[in-house]
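What follows is a single structure, written as structure tokens, with notes after it.
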Amino acid sequence: MGEEELKQLIDGCRQHDRKSQKMLYKALYGFAMGICLRYAGNRYEAAEIMNTGFFKVMTNIQKYDNNKPFKAWLGRIMMNTSIDYYRANLKVAYTEELDHAIHIGEREVATSKLGYDELLLLIQRLPEAYRTVFNLFAIDGYTHEEIGELLGINPGTSKSNLHKARQKLQRMIAEQELSGGAGEMRNSSIVAIRHTAVKDLYLNKGFRP
């Protein structure tokens with residue numbers, strides 16, 4: 001979608017034009033769903049989060065600054081809505097402090113046979129607290145201090161949850177490689193998070209604290 005067409009849809013949404021709202025939803029569905037899938041435990045949760053996020057977009061679109069990228073603004077709303085969902089549905093509080101975490105560090109994870117969609121499916125299997133911290137730190141680039149403020153936990157808890165998320169992902173990836181299940185996972189229909197190489201994800205700042 002071109003910038004001019006997007007601008008026209010945004011203007012239409014500001015006038016509460018239902019056709020413009022529907023077209024904007026369709027145009028950015030994949031982008032928004034990709035963000036929500038990272039934080040949700042499954043596609044049904046992601047759809048619920050995304051629809052709530054789009055409701056917030058439509059009801060707050062008057063506040064959008066035309067001088068800033070619209071997708072970035074919408075993406076932030078989707079992320080915040082995902083975090084709100086996490087807060088509302090968290091059943092178990094992970095409060096363990098991790099003073100001396102043992103990190104994976106420089107060692108590469110055996111992901112050569114896994115694509116990004118396959119990795120997403122594994123991330124969705126993480127416990128909600130682990131999954132949320134992993135996404136915020138390893139993918140969205142937040143610090144543990146910032147995550148603590150967003151989730152209402154202390155930085156030590158954030159570090160602990162990230163460490164446990166890494167360990168669990170490591171085990172699941174190893175099991176997946178050994179079982180040869182990558183082929184089956186590739187047949188699952190899923191929206192990609194974004195076009196980032198798996199290797200880059202494991203070697204970014206999230207895995208080099």
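Quick note on naming: the chains in the structure tokens go A, B, ... in the order shown, residues restart at 1 in each chain, and ligands are numbered from 1 in order of appearance.
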
Identify, on the basis of only C-alpha atoms, every residue whose closest approach to region 51-53 of chain A does not exceed 8 Å; exclude the query and any residue fewer than 5 positions from it along the same chain; express the result as a list in words.
-> Ile77, Met78 and Thr81 of chain A

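CA of Lys164 (chain A) lies 20.0 Å from CA of Glu177 (chain A).
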
Grab the CA of His144 (chain A) to CA of Ser158 (chain A) distance for me, in Å with one decimal place.
->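 About the pair CA of His144 (chain A) and CA of Ser158 (chain A): they are 5.8 Å apart.
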
Option closest in space to Leu120 (chain A), from A:Ile10, A:Leu37, A:Leu150, A:Ala27 [counting only C-alpha atoms] =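 Ranked by minimum distance to Leu120 (chain A), first place goes to A:Leu37.
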
One decimal, Å: what's the distance from CA of Glu3 (chain A) over to CA of Ile139 (chain A), could you say?
->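 According to the coordinates, CA of Glu3 (chain A) and CA of Ile139 (chain A) are separated by 26.5 Å.
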
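Distances from A:Gly12, A:Lys19, A:Gly152, A:Lys7 to Arg87 (chain A) were compared using only C-alpha atoms, and the smallest one belongs to A:Gly152.
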
Selection: 8 Å around Phe137 (chain A), only C-alpha atoms, excl. self and same-chain fewer than 5 positions, as number ranges by chain = A: 142-144, 147, 162, 206

Given the choices A:Met58, A:Gly2, A:Lys159, A:Ile35, which gets closest to Arg18 (chain A) if the distance is worked out from only C-alpha atoms?
->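 The answer is A:Met58, which sits nearest to Arg18 (chain A).
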
Nearest to Ala40 (chain A) among A:Asn161, A:Glu175, A:Pro155, A:Arg131, with distances taken over only C-alpha atoms: which residue is it?
->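 Between A:Asn161, A:Glu175, A:Pro155, A:Arg131, the residue approaching Ala40 (chain A) most closely is A:Arg131.
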
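Residue nearest Phe54 (chain A), chosen from A:Ser160, A:Thr132, A:Glu149, A:Met79 and counting only C-alpha atoms: A:Met79.
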